[in-house]
$ cat start.csv   # CSV, C-alpha atoms and all ligand atoms
chain,number,residue,atom,x,y,z
R,1,MET,CA,1.9,-19.3,5.0
R,2,GLU,CA,0.7,-20.3,1.5
R,3,LEU,CA,4.1,-20.6,-0.1
R,4,ASN,CA,5.0,-23.4,2.3
R,5,ASN,CA,1.7,-25.2,2.4
R,6,LYS,CA,0.7,-25.6,-1.2
R,7,GLN,CA,2.4,-26.5,-4.5
R,8,TYR,CA,1.5,-24.2,-7.4
R,9,LYS,CA,2.0,-25.5,-10.9
R,10,GLU,CA,1.7,-22.0,-12.4
R,11,PRO,CA,1.9,-18.5,-11.0
R,12,LEU,CA,-1.5,-17.1,-11.7
R,13,GLU,CA,-3.3,-19.0,-9.0
R,14,LEU,CA,-0.8,-17.7,-6.4
R,15,PHE,CA,-0.9,-14.2,-7.8
R,16,THR,CA,-4.7,-14.2,-7.6
R,17,LEU,CA,-4.6,-15.3,-4.0
R,18,TRP,CA,-2.1,-12.6,-3.0
R,19,PHE,CA,-3.8,-9.9,-5.1
R,20,ASP,CA,-7.2,-10.7,-3.5
R,21,GLN,CA,-5.7,-10.6,-0.1
R,22,ALA,CA,-3.9,-7.3,-0.8
R,23,LYS,CA,-7.3,-5.9,-2.0
R,24,THR,CA,-8.8,-6.8,1.4
R,25,ASP,CA,-5.9,-5.0,3.1
R,26,ASP,CA,-5.9,-2.0,0.9
R,27,PRO,CA,-9.0,-1.8,-1.4
R,28,ASP,CA,-7.9,1.5,-3.0
R,29,TYR,CA,-4.3,1.0,-3.8
R,30,HIS,CA,-3.5,-2.7,-3.8
R,31,HIS,CA,-3.3,-2.6,-7.6
R,32,GLY,CA,-0.6,0.1,-7.8
R,33,MET,CA,2.6,-1.4,-9.3
R,34,SER,CA,5.9,0.2,-10.2
R,35,ILE,CA,6.9,-0.4,-13.8
R,36,ALA,CA,10.4,-0.1,-15.1
R,37,THR,CA,11.2,0.7,-18.7
R,38,VAL,CA,14.5,1.6,-20.4
R,39,ASN,CA,14.9,4.4,-23.0
R,40,ALA,CA,17.0,4.5,-26.1
R,41,LYS,CA,20.1,5.6,-24.1
R,42,GLN,CA,19.7,2.5,-21.9
R,43,GLU,CA,18.6,4.7,-19.0
R,44,PRO,CA,16.0,3.0,-16.7
R,45,SER,CA,13.0,4.8,-15.2
R,46,VAL,CA,10.3,3.6,-12.9
R,47,ARG,CA,6.8,4.9,-12.1
R,48,VAL,CA,3.6,3.7,-10.5
R,49,VAL,CA,0.6,2.6,-12.6
R,50,PHE,CA,-2.6,0.7,-11.8
R,51,LEU,CA,-3.0,-2.9,-12.8
R,52,LYS,CA,-6.5,-2.9,-14.4
R,53,GLU,CA,-7.0,-6.5,-15.7
R,54,TYR,CA,-5.1,-9.7,-15.7
R,55,ASP,CA,-5.5,-13.3,-16.9
R,56,GLU,CA,-3.4,-16.0,-18.5
R,57,GLN,CA,-2.7,-13.6,-21.4
R,58,GLY,CA,-1.1,-11.1,-19.2
R,59,PHE,CA,-1.3,-8.0,-17.0
R,60,VAL,CA,-2.9,-4.9,-18.4
R,61,PHE,CA,-2.4,-1.2,-17.5
R,62,TYR,CA,-3.6,1.9,-19.3
R,63,THR,CA,-1.6,5.0,-20.2
R,64,ASN,CA,-0.6,7.5,-22.8
R,65,TYR,CA,1.2,5.8,-25.7
R,66,ASN,CA,3.1,9.0,-26.4
R,67,SER,CA,4.4,9.4,-22.8
R,68,ASN,CA,8.0,8.7,-21.8
R,69,LYS,CA,7.1,5.2,-20.9
R,70,GLY,CA,5.2,4.8,-24.2
R,71,ASN,CA,8.3,5.9,-26.1
R,72,ASP,CA,10.5,3.6,-24.0
R,73,LEU,CA,8.3,0.7,-24.8
R,74,ALA,CA,8.0,1.4,-28.5
R,75,ASN,CA,11.8,1.2,-28.6
R,76,ASN,CA,12.2,-1.7,-26.1
R,77,PRO,CA,9.2,-3.7,-25.1
R,78,ASN,CA,10.9,-5.3,-22.2
R,79,ILE,CA,9.3,-4.3,-18.9
R,80,CYS,CA,9.4,-5.1,-15.2
R,81,ALA,CA,6.5,-4.5,-12.8
R,82,ASN,CA,6.7,-4.7,-9.1
R,83,PHE,CA,4.1,-4.8,-6.3
R,84,TRP,CA,4.9,-4.3,-2.7
R,85,TRP,CA,2.1,-5.3,-0.3
R,86,LYS,CA,3.4,-4.2,3.1
R,87,THR,CA,0.6,-5.5,5.4
R,88,ARG,CA,1.6,-9.1,4.6
R,89,GLN,CA,5.2,-8.4,3.8
R,90,ARG,CA,4.9,-9.5,0.2
R,91,GLN,CA,6.5,-8.5,-3.1
R,92,VAL,CA,5.7,-9.7,-6.6
R,93,ARG,CA,8.0,-9.0,-9.5
R,94,ILE,CA,6.8,-9.6,-13.0
R,95,SER,CA,9.2,-9.5,-16.0
R,96,GLY,CA,8.0,-9.6,-19.5
R,97,VAL,CA,7.3,-8.0,-22.8
R,98,VAL,CA,4.5,-5.6,-23.6
R,99,SER,CA,2.1,-5.3,-26.6
R,100,LYS,CA,-0.8,-2.9,-27.0
R,101,VAL,CA,-4.2,-4.3,-26.2
R,102,PRO,CA,-6.8,-4.4,-29.0
R,103,ASN,CA,-8.5,-1.0,-29.7
R,104,GLU,CA,-11.9,-2.4,-28.6
R,105,GLN,CA,-10.5,-3.3,-25.2
R,106,SER,CA,-9.0,0.2,-24.7
R,107,ASP,CA,-12.3,1.7,-25.9
R,108,GLN,CA,-14.2,-0.4,-23.4
R,109,TYR,CA,-12.0,0.6,-20.5
R,110,PHE,CA,-11.8,4.2,-21.5
R,111,HIS,CA,-15.6,4.5,-21.6
R,112,SER,CA,-15.9,2.9,-18.1
R,113,ARG,CA,-13.8,5.8,-16.7
R,114,PRO,CA,-15.4,9.0,-15.1
R,115,ARG,CA,-16.0,11.7,-17.7
R,116,GLY,CA,-13.4,14.0,-16.0
R,117,SER,CA,-10.7,11.4,-16.5
R,118,GLN,CA,-11.7,10.9,-20.1
R,119,LEU,CA,-11.3,14.6,-20.7
R,120,ALA,CA,-8.0,14.6,-18.8
R,121,ALA,CA,-6.7,11.9,-21.1
R,122,ILE,CA,-7.5,14.1,-24.1
R,123,CYS,CA,-6.0,17.2,-22.5
R,124,SER,CA,-2.7,15.8,-21.1
R,125,LYS,CA,0.3,15.4,-23.4
R,126,GLN,CA,1.7,13.1,-20.7
R,127,SER,CA,5.4,13.6,-19.9
R,128,GLN,CA,5.7,16.8,-22.1
R,129,ALA,CA,6.6,20.2,-20.6
R,130,ILE,CA,4.0,23.0,-20.3
R,131,SER,CA,4.5,26.6,-19.3
R,132,SER,CA,2.7,26.3,-16.0
R,133,PHE,CA,0.1,24.3,-14.0
R,134,ASN,CA,-2.4,27.1,-14.6
R,135,GLN,CA,-1.9,26.6,-18.3
R,136,LEU,CA,-2.8,22.9,-17.9
R,137,LYS,CA,-6.0,23.9,-16.0
R,138,GLU,CA,-6.9,26.4,-18.7
R,139,ASN,CA,-6.4,23.7,-21.4
R,140,TYR,CA,-8.6,21.4,-19.5
R,141,GLU,CA,-11.4,23.9,-19.1
R,142,LYS,CA,-11.3,24.5,-22.8
R,143,ILE,CA,-11.6,20.8,-23.5
R,144,VAL,CA,-14.5,20.5,-21.0
R,145,ASP,CA,-16.3,23.3,-22.9
R,146,GLU,CA,-15.6,21.8,-26.3
R,147,HIS,CA,-17.1,18.5,-25.2
R,148,LYS,CA,-20.2,19.8,-23.5
R,149,ASN,CA,-23.1,17.4,-24.2
R,150,LYS,CA,-20.9,15.3,-26.5
R,151,THR,CA,-19.8,11.7,-26.2
R,152,ILE,CA,-16.1,11.4,-25.8
R,153,ASP,CA,-14.1,9.2,-28.1
R,154,ARG,CA,-11.0,7.6,-26.8
R,155,PRO,CA,-8.0,9.5,-28.2
R,156,ALA,CA,-5.7,7.3,-30.3
R,157,HIS,CA,-2.7,8.2,-28.1
R,158,TRP,CA,-4.3,6.6,-25.0
R,159,GLY,CA,-4.8,2.8,-24.4
R,160,GLY,CA,-3.6,-0.3,-22.7
R,161,TYR,CA,-0.5,-2.4,-22.6
R,162,ARG,CA,-0.5,-6.1,-21.8
R,163,ILE,CA,2.6,-7.5,-20.1
R,164,LYS,CA,3.2,-11.1,-21.2
R,165,ALA,CA,5.2,-12.4,-18.3
R,166,ASN,CA,8.2,-14.6,-18.8
R,167,ARG,CA,9.3,-14.6,-15.1
R,168,ILE,CA,7.3,-14.0,-11.9
R,169,GLU,CA,8.9,-13.9,-8.5
R,170,PHE,CA,6.9,-14.2,-5.3
R,171,TRP,CA,8.7,-12.8,-2.2
R,172,GLN,CA,7.3,-13.5,1.2
R,173,GLY,CA,9.0,-11.6,4.0
R,174,LEU,CA,9.8,-13.9,7.0
R,175,GLU,CA,11.5,-13.9,10.3
R,176,HIS,CA,15.3,-13.3,10.6
R,177,ARG,CA,15.2,-12.1,7.0
R,178,LEU,CA,15.0,-15.7,5.9
R,179,HIS,CA,12.6,-14.7,3.2
R,180,HIS,CA,10.9,-17.2,0.9
R,181,ARG,CA,11.4,-16.4,-2.8
R,182,LEU,CA,9.6,-18.5,-5.3
R,183,VAL,CA,10.4,-17.9,-9.0
R,184,PHE,CA,8.4,-19.1,-12.0
R,185,GLU,CA,10.1,-19.0,-15.3
R,186,MET,CA,8.5,-19.6,-18.7
R,187,ASN,CA,10.4,-22.3,-20.6
R,188,GLY,CA,8.9,-22.9,-24.0
R,189,SER,CA,5.2,-23.0,-23.1
R,190,ASP,CA,5.6,-24.3,-19.5
R,191,TRP,CA,6.2,-22.7,-16.2
R,192,HIS,CA,9.2,-24.0,-14.3
R,193,GLN,CA,9.7,-23.0,-10.7
R,194,HIS,CA,12.5,-22.8,-8.2
R,195,VAL,CA,13.3,-21.3,-4.8
R,196,ILE,CA,16.1,-18.7,-4.6
R,197,GLN,CA,17.9,-17.5,-1.6
R,198,PRO,CA,16.9,-14.2,0.2
B,201,LIG,C1,-1.0,5.4,-7.3
B,201,LIG,C2,-0.7,5.9,-8.7
B,201,LIG,C3,-1.3,5.3,-9.8
B,201,LIG,C4,-1.0,5.7,-11.1
B,201,LIG,N1,-1.7,5.1,-12.2
B,201,LIG,C5,-1.3,5.4,-13.4
B,201,LIG,C6,-1.9,4.7,-14.5
B,201,LIG,O1,-2.6,3.7,-14.4
B,201,LIG,N2,-1.5,5.1,-15.8
B,201,LIG,C7,-0.7,6.2,-16.0
B,201,LIG,O2,-0.4,6.5,-17.2
B,201,LIG,N3,-0.1,6.9,-15.0
B,201,LIG,C8,-0.4,6.5,-13.7
B,201,LIG,N4,0.1,7.2,-12.6
B,201,LIG,C9,1.1,8.3,-13.0
B,201,LIG,C10,2.5,7.7,-13.3
B,201,LIG,O3,3.1,7.3,-12.1
B,201,LIG,C11,3.4,8.6,-14.1
B,201,LIG,O4,3.5,9.8,-13.4
B,201,LIG,C12,2.8,8.9,-15.5
B,201,LIG,O5,2.3,7.7,-16.1
B,201,LIG,C13,3.9,9.5,-16.4
B,201,LIG,O6,5.0,8.6,-16.5
B,201,LIG,P1,6.1,8.7,-17.6
B,201,LIG,O7,6.4,10.2,-17.8
B,201,LIG,O8,7.3,8.0,-17.1
B,201,LIG,O9,5.6,8.1,-18.9
B,201,LIG,C14,-0.1,6.8,-11.3
B,201,LIG,C15,0.6,7.4,-10.2
B,201,LIG,C16,0.3,6.9,-9.0
B,201,LIG,C17,1.1,7.5,-7.8

$ encode --input "start.csv" --output "structure tokens" --more "lines below"
Ligand SMILES: Cc1cc2nc3c(=O)[nH]c(=O)nc-3n(C[C@H](O)[C@H](O)[C@H](O)COP(=O)(O)O)c2cc1C
Amino acid sequence: MELNNKQYKEPLELFTLWFDQAKTDDPDYHHGMSIATVNAKQEPSVRVVFLKEYDEQGFVFYTNYNSNKGNDLANNPNICANFWWKTRQRQVRISGVVSKVPNEQSDQYFHSRPRGSQLAAICSKQSQAISSFNQLKENYEKIVDEHKNKTIDRPAHWGGYRIKANRIEFWQGLEHRLHHRLVFEMNGSDWHQHVIQP
């Protein structure tokens, strides 16, 4: 088991190993992560998004900046993301602070998406109420018509957030619930690590 057999100086190498293994186990959904945000009334909420890119600079997901999560993050940029990879009994928890990715990066990802998803991003006022699901479908068809034979620009309300991690916990489920928990914490510009009890 990797956590026992190798010393990691920083978390990204271990994250990459686990992420790649999760991808082998579940190519379609390994990158689904729950993200927790807190609103102005200090109420937490959690939902799943897809991790689309990551590197030393952080972990990137894309969403609607005017959604509930977008409003939460505008007010409080602290975020916590959690992966659960059941096949290998693993959990990774990433705590950090978000910032919006540069517009060019959001443009690039937006244009890599299927046309239908691009149009849905224009159509959906994510998190806002609508009179019915049929109304949503009508709105969508209207937007499809309006954009026939046109290139689609990324709407300004849609883009990426990068999570700059300050703590990453790796959890390996083991026998007798004697799980191995390895925590990396950013101290200044260095990662420090310690094991915590299950
Ligand atoms: C597997 C899965 C992946 C999802 N990926 C995304 C995503 O990448 N971006 C996104 O905005 N919503 C994604 N969603 C929808 C969110 O869970 C959520 O419903 C939506 O972002 C609205 O959240 P909010 O109202 O809390 O802002 C995904 C849902 C599931 C189940």

$ closest_atom_pairs --input "start.csv" --of "chain R" --to "ligand LIG 201 (chain B)" --cutoff "12 Å" --atoms "all atoms listed in the file" --output "JSON lines"
{"residue": "R:Asp28", "atom": "CA", "partner": "B:LIG201", "partner_atom": "C1", "distance": 9.0}
{"residue": "R:Tyr29", "atom": "CA", "partner": "B:LIG201", "partner_atom": "C1", "distance": 6.5}
{"residue": "R:His30", "atom": "CA", "partner": "B:LIG201", "partner_atom": "C1", "distance": 9.2}
{"residue": "R:His31", "atom": "CA", "partner": "B:LIG201", "partner_atom": "C1", "distance": 8.3}
{"residue": "R:Gly32", "atom": "CA", "partner": "B:LIG201", "partner_atom": "C1", "distance": 5.3}
{"residue": "R:Met33", "atom": "CA", "partner": "B:LIG201", "partner_atom": "C3", "distance": 7.8}
{"residue": "R:Ser34", "atom": "CA", "partner": "B:LIG201", "partner_atom": "O3", "distance": 7.9}
{"residue": "R:Ile35", "atom": "CA", "partner": "B:LIG201", "partner_atom": "O3", "distance": 8.8}
{"residue": "R:Ala36", "atom": "CA", "partner": "B:LIG201", "partner_atom": "O8", "distance": 8.9}
{"residue": "R:Thr37", "atom": "CA", "partner": "B:LIG201", "partner_atom": "O8", "distance": 8.4}
{"residue": "R:Val38", "atom": "CA", "partner": "B:LIG201", "partner_atom": "O8", "distance": 10.2}
{"residue": "R:Asn39", "atom": "CA", "partner": "B:LIG201", "partner_atom": "O8", "distance": 10.3}
{"residue": "R:Glu43", "atom": "CA", "partner": "B:LIG201", "partner_atom": "O8", "distance": 11.9}
{"residue": "R:Pro44", "atom": "CA", "partner": "B:LIG201", "partner_atom": "O8", "distance": 10.0}
{"residue": "R:Ser45", "atom": "CA", "partner": "B:LIG201", "partner_atom": "O8", "distance": 6.8}
{"residue": "R:Val46", "atom": "CA", "partner": "B:LIG201", "partner_atom": "O8", "distance": 6.8}
{"residue": "R:Arg47", "atom": "CA", "partner": "B:LIG201", "partner_atom": "O3", "distance": 4.4}
{"residue": "R:Val48", "atom": "CA", "partner": "B:LIG201", "partner_atom": "O3", "distance": 4.0}
{"residue": "R:Val49", "atom": "CA", "partner": "B:LIG201", "partner_atom": "N1", "distance": 3.4}
{"residue": "R:Phe50", "atom": "CA", "partner": "B:LIG201", "partner_atom": "O1", "distance": 4.0}
{"residue": "R:Leu51", "atom": "CA", "partner": "B:LIG201", "partner_atom": "O1", "distance": 6.8}
{"residue": "R:Lys52", "atom": "CA", "partner": "B:LIG201", "partner_atom": "O1", "distance": 7.7}
{"residue": "R:Glu53", "atom": "CA", "partner": "B:LIG201", "partner_atom": "O1", "distance": 11.2}
{"residue": "R:Val60", "atom": "CA", "partner": "B:LIG201", "partner_atom": "O1", "distance": 9.5}
{"residue": "R:Phe61", "atom": "CA", "partner": "B:LIG201", "partner_atom": "O1", "distance": 5.8}
{"residue": "R:Tyr62", "atom": "CA", "partner": "B:LIG201", "partner_atom": "N2", "distance": 5.2}
{"residue": "R:Thr63", "atom": "CA", "partner": "B:LIG201", "partner_atom": "O2", "distance": 3.6}
{"residue": "R:Asn64", "atom": "CA", "partner": "B:LIG201", "partner_atom": "O2", "distance": 5.7}
{"residue": "R:Tyr65", "atom": "CA", "partner": "B:LIG201", "partner_atom": "O9", "distance": 8.4}
{"residue": "R:Asn66", "atom": "CA", "partner": "B:LIG201", "partner_atom": "O9", "distance": 8.0}
{"residue": "R:Ser67", "atom": "CA", "partner": "B:LIG201", "partner_atom": "O9", "distance": 4.3}
{"residue": "R:Asn68", "atom": "CA", "partner": "B:LIG201", "partner_atom": "O9", "distance": 3.8}
{"residue": "R:Lys69", "atom": "CA", "partner": "B:LIG201", "partner_atom": "O9", "distance": 3.8}
{"residue": "R:Gly70", "atom": "CA", "partner": "B:LIG201", "partner_atom": "O9", "distance": 6.3}
{"residue": "R:Asn71", "atom": "CA", "partner": "B:LIG201", "partner_atom": "O9", "distance": 8.0}
{"residue": "R:Asp72", "atom": "CA", "partner": "B:LIG201", "partner_atom": "O9", "distance": 8.4}
{"residue": "R:Leu73", "atom": "CA", "partner": "B:LIG201", "partner_atom": "O9", "distance": 9.8}
{"residue": "R:Ala74", "atom": "CA", "partner": "B:LIG201", "partner_atom": "O9", "distance": 12.0}
{"residue": "R:Phe83", "atom": "CA", "partner": "B:LIG201", "partner_atom": "C1", "distance": 11.4}
{"residue": "R:Tyr109", "atom": "CA", "partner": "B:LIG201", "partner_atom": "O1", "distance": 11.6}
{"residue": "R:Phe110", "atom": "CA", "partner": "B:LIG201", "partner_atom": "O1", "distance": 11.6}
{"residue": "R:Arg113", "atom": "CA", "partner": "B:LIG201", "partner_atom": "O1", "distance": 11.6}
{"residue": "R:Ser117", "atom": "CA", "partner": "B:LIG201", "partner_atom": "N2", "distance": 11.2}
{"residue": "R:Ala120", "atom": "CA", "partner": "B:LIG201", "partner_atom": "O2", "distance": 11.2}
{"residue": "R:Ala121", "atom": "CA", "partner": "B:LIG201", "partner_atom": "O2", "distance": 9.2}
{"residue": "R:Ser124", "atom": "CA", "partner": "B:LIG201", "partner_atom": "C13", "distance": 10.3}
{"residue": "R:Lys125", "atom": "CA", "partner": "B:LIG201", "partner_atom": "O7", "distance": 9.8}
{"residue": "R:Gln126", "atom": "CA", "partner": "B:LIG201", "partner_atom": "C13", "distance": 6.0}
{"residue": "R:Ser127", "atom": "CA", "partner": "B:LIG201", "partner_atom": "O7", "distance": 4.1}
{"residue": "R:Gln128", "atom": "CA", "partner": "B:LIG201", "partner_atom": "O7", "distance": 7.9}
{"residue": "R:Ala129", "atom": "CA", "partner": "B:LIG201", "partner_atom": "O7", "distance": 10.4}
{"residue": "R:His157", "atom": "CA", "partner": "B:LIG201", "partner_atom": "O2", "distance": 11.3}
{"residue": "R:Trp158", "atom": "CA", "partner": "B:LIG201", "partner_atom": "O2", "distance": 8.7}
{"residue": "R:Gly159", "atom": "CA", "partner": "B:LIG201", "partner_atom": "O2", "distance": 9.2}
{"residue": "R:Gly160", "atom": "CA", "partner": "B:LIG201", "partner_atom": "N2", "distance": 9.0}
{"residue": "R:Tyr161", "atom": "CA", "partner": "B:LIG201", "partner_atom": "N2", "distance": 10.2}

$ write_last_selection --input "start.csv" --atoms "C-alpha atoms" --output "short mmCIF file (atom, residue, chain, number, x, y, z; two decimals), in the frame of the given file"
data_model
loop_
_atom_site.label_atom_id
_atom_site.label_comp_id
_atom_site.auth_asym_id
_atom_site.auth_seq_id
_atom_site.Cartn_x
_atom_site.Cartn_y
_atom_site.Cartn_z
CA ASP R 28 -7.90 1.50 -3.00
CA TYR R 29 -4.30 1.00 -3.80
CA HIS R 30 -3.50 -2.70 -3.80
CA HIS R 31 -3.30 -2.60 -7.60
CA GLY R 32 -0.60 0.10 -7.80
CA MET R 33 2.60 -1.40 -9.30
CA SER R 34 5.90 0.20 -10.20
CA ILE R 35 6.90 -0.40 -13.80
CA ALA R 36 10.40 -0.10 -15.10
CA THR R 37 11.20 0.70 -18.70
CA VAL R 38 14.50 1.60 -20.40
CA ASN R 39 14.90 4.40 -23.00
CA GLU R 43 18.60 4.70 -19.00
CA PRO R 44 16.00 3.00 -16.70
CA SER R 45 13.00 4.80 -15.20
CA VAL R 46 10.30 3.60 -12.90
CA ARG R 47 6.80 4.90 -12.10
CA VAL R 48 3.60 3.70 -10.50
CA VAL R 49 0.60 2.60 -12.60
CA PHE R 50 -2.60 0.70 -11.80
CA LEU R 51 -3.00 -2.90 -12.80
CA LYS R 52 -6.50 -2.90 -14.40
CA GLU R 53 -7.00 -6.50 -15.70
CA VAL R 60 -2.90 -4.90 -18.40
CA PHE R 61 -2.40 -1.20 -17.50
CA TYR R 62 -3.60 1.90 -19.30
CA THR R 63 -1.60 5.00 -20.20
CA ASN R 64 -0.60 7.50 -22.80
CA TYR R 65 1.20 5.80 -25.70
CA ASN R 66 3.10 9.00 -26.40
CA SER R 67 4.40 9.40 -22.80
CA ASN R 68 8.00 8.70 -21.80
CA LYS R 69 7.10 5.20 -20.90
CA GLY R 70 5.20 4.80 -24.20
CA ASN R 71 8.30 5.90 -26.10
CA ASP R 72 10.50 3.60 -24.00
CA LEU R 73 8.30 0.70 -24.80
CA ALA R 74 8.00 1.40 -28.50
CA PHE R 83 4.10 -4.80 -6.30
CA TYR R 109 -12.00 0.60 -20.50
CA PHE R 110 -11.80 4.20 -21.50
CA ARG R 113 -13.80 5.80 -16.70
CA SER R 117 -10.70 11.40 -16.50
CA ALA R 120 -8.00 14.60 -18.80
CA ALA R 121 -6.70 11.90 -21.10
CA SER R 124 -2.70 15.80 -21.10
CA LYS R 125 0.30 15.40 -23.40
CA GLN R 126 1.70 13.10 -20.70
CA SER R 127 5.40 13.60 -19.90
CA GLN R 128 5.70 16.80 -22.10
CA ALA R 129 6.60 20.20 -20.60
CA HIS R 157 -2.70 8.20 -28.10
CA TRP R 158 -4.30 6.60 -25.00
CA GLY R 159 -4.80 2.80 -24.40
CA GLY R 160 -3.60 -0.30 -22.70
CA TYR R 161 -0.50 -2.40 -22.60
#

$ atom_distance --input "start.csv" --atom1 "CA of Ile196 (chain R)" --atom2 "CA of Gln91 (chain R)"
14.1 Å

$ closest_residue --input "start.csv" --among "R:Val92, R:Val183, R:Ser99, R:Asn76" --to "Gly58 (chain R)" --atoms "all atoms listed in the file"
R:Ser99

$ residues_around --input "start.csv" --residues "Gln172 (chain R)" --least-positions-apart "5" --cutoff "8 Å" --atoms "all atoms listed in the file" --output "PyMOL selection string"
chain R and resi 3+88-91+179-181

$ atom_distance --input "start.csv" --atom1 "CA of Val97 (chain R)" --atom2 "CA of Ile79 (chain R)"
5.7 Å

$ atom_distance --input "start.csv" --atom1 "CA of Asp55 (chain R)" --atom2 "CA of Arg115 (chain R)"
27.1 Å

$ closest_residue --input "start.csv" --among "R:Lys142, R:Lys137, R:Lys41, R:Arg93" --to "Glu185 (chain R)" --atoms "all atoms listed in the file"
R:Arg93

$ residues_around --input "start.csv" --residues "Ile122 (chain R)" --least-positions-apart "3" --cutoff "8 Å" --atoms "only C-alpha atoms" --output "list in words"
Gln118, Leu119, Lys125, Ile143, Arg154 and Pro155 of chain R

$ closest_residue --input "start.csv" --among "R:Gln7, R:Pro77, R:Gln57, R:Trp85" --to "Ala22 (chain R)" --atoms "only C-alpha atoms"
R:Trp85

$ residues_around --input "start.csv" --residues "Leu12 (chain R)" --least-positions-apart "5" --cutoff "10 Å" --atoms "only C-alpha atoms" --output "number ranges by chain"
R: 17-18, 54-56, 58, 168
